[in-house]
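Asker: Have a look at the structure that comes next, please.
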Amino acid sequence: MPARCDPLADVLIVVDLQVPFLDVIHERERVVRRSCFLIEVAQALEIPILATEQVPDRLGRTDQTVHSALAHAPIFAKTEFSAAACPAAMRRLREIDRPSAVIVGVETHICVCGTALDLLEAGYRVTVCPDAASSRSLEAHKLGMERIRDGGAMPAHTESVAYEWLGSSIHPKFRSVLEIVKRYPV
């Protein structure tokens, strides 16, 4: 499979960016900002997006900033830690019928890692954005990213993903995406 992100092959998966989780996440603001950045880029380039919430009735809903950025993207409630173990989310992913996923969210060492590993096992190519993911501690985030990489997923910065999706400065949506890049400094 190709090593680069592909706007015709990728789907963006936003994992559990819920207020109660984010309240204790290392570098919460960075995770929200970089996730919203990639969500906006995906929307500008018409890349499908799906999101999950871990037991939202008990654990709360998606952060309002992220929820607003998601606009009309479906959000699937799940009890499973891996979004790829959630039957409704996987049904939607199969309907989208794309071979690769880009993942952002929390917590890196639990739900993000489980999602990445399950998708790899299901035959998807997986990219995880460490700048748009985190855990309650930096150590847990780093260990999660190591496991994700060792499992076969590619780590990539959200801005790298955005420019790979564009491919070139002559892309018809380049100016639109450049405006998003300017609004979300690294």
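Each chain in the structure tokens gets a letter, A, B and so on, in the order shown; residues start at 1 in every chain, and ligands are counted from 1 in the order they appear.
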Please extract the residues of chain A with a backbone DSSP assignment of strand (DSSP E or B) and present them as a ChimeraX atom specification.
Answerer: /A:10-15,18,49-54,62,75-78,100-106,125-134,154-155
Asker: When you look at Ser135 in chain A with a cut-off of 6 Å (counting only C-alpha atoms), what residues show up, excluding the ones that are within fewer than 2 positions of it in the same chain? I need them as a list in words.
Answerer: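 Close residues of Ser135 in chain A: Ile25, His26, Glu107, Thr108, Ser137, Ala140 and His141 of chain A.
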Asker: Within 12 Å of Lys173 in chain A, counting only C-alpha atoms, which residues show up once you throw out same-chain ones fewer than 2 positions away? Write them as a list in words, please.
Answerer: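 My list of contacting residues is Val41, Ala42, Gln43, Ala44, Leu45, Glu46, Ala162, Tyr163, Trp165, Leu166, Gly167, Ser168, Ser169, Ile170, His171, Arg175, Ser176, Val177, Leu178, Glu179 and Ile180 of chain A.
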Asker: What's around Val11 in chain A at 6 Å? Count only C-alpha atoms, leave out sequence neighbours fewer than 6 positions away in its own chain, and write the answer as a list in words.
Answerer: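 Once the nearby chain positions are removed, what remains is Pro48, Ile49 and Ala101 of chain A.
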Asker: Using backbone DSSP assignments, extract all helix (DSSP H, G or I) residues from range 74-137 of chain A; output them as a ChimeraX atom specification.
Answerer: /A:83-85,87-96,108-121
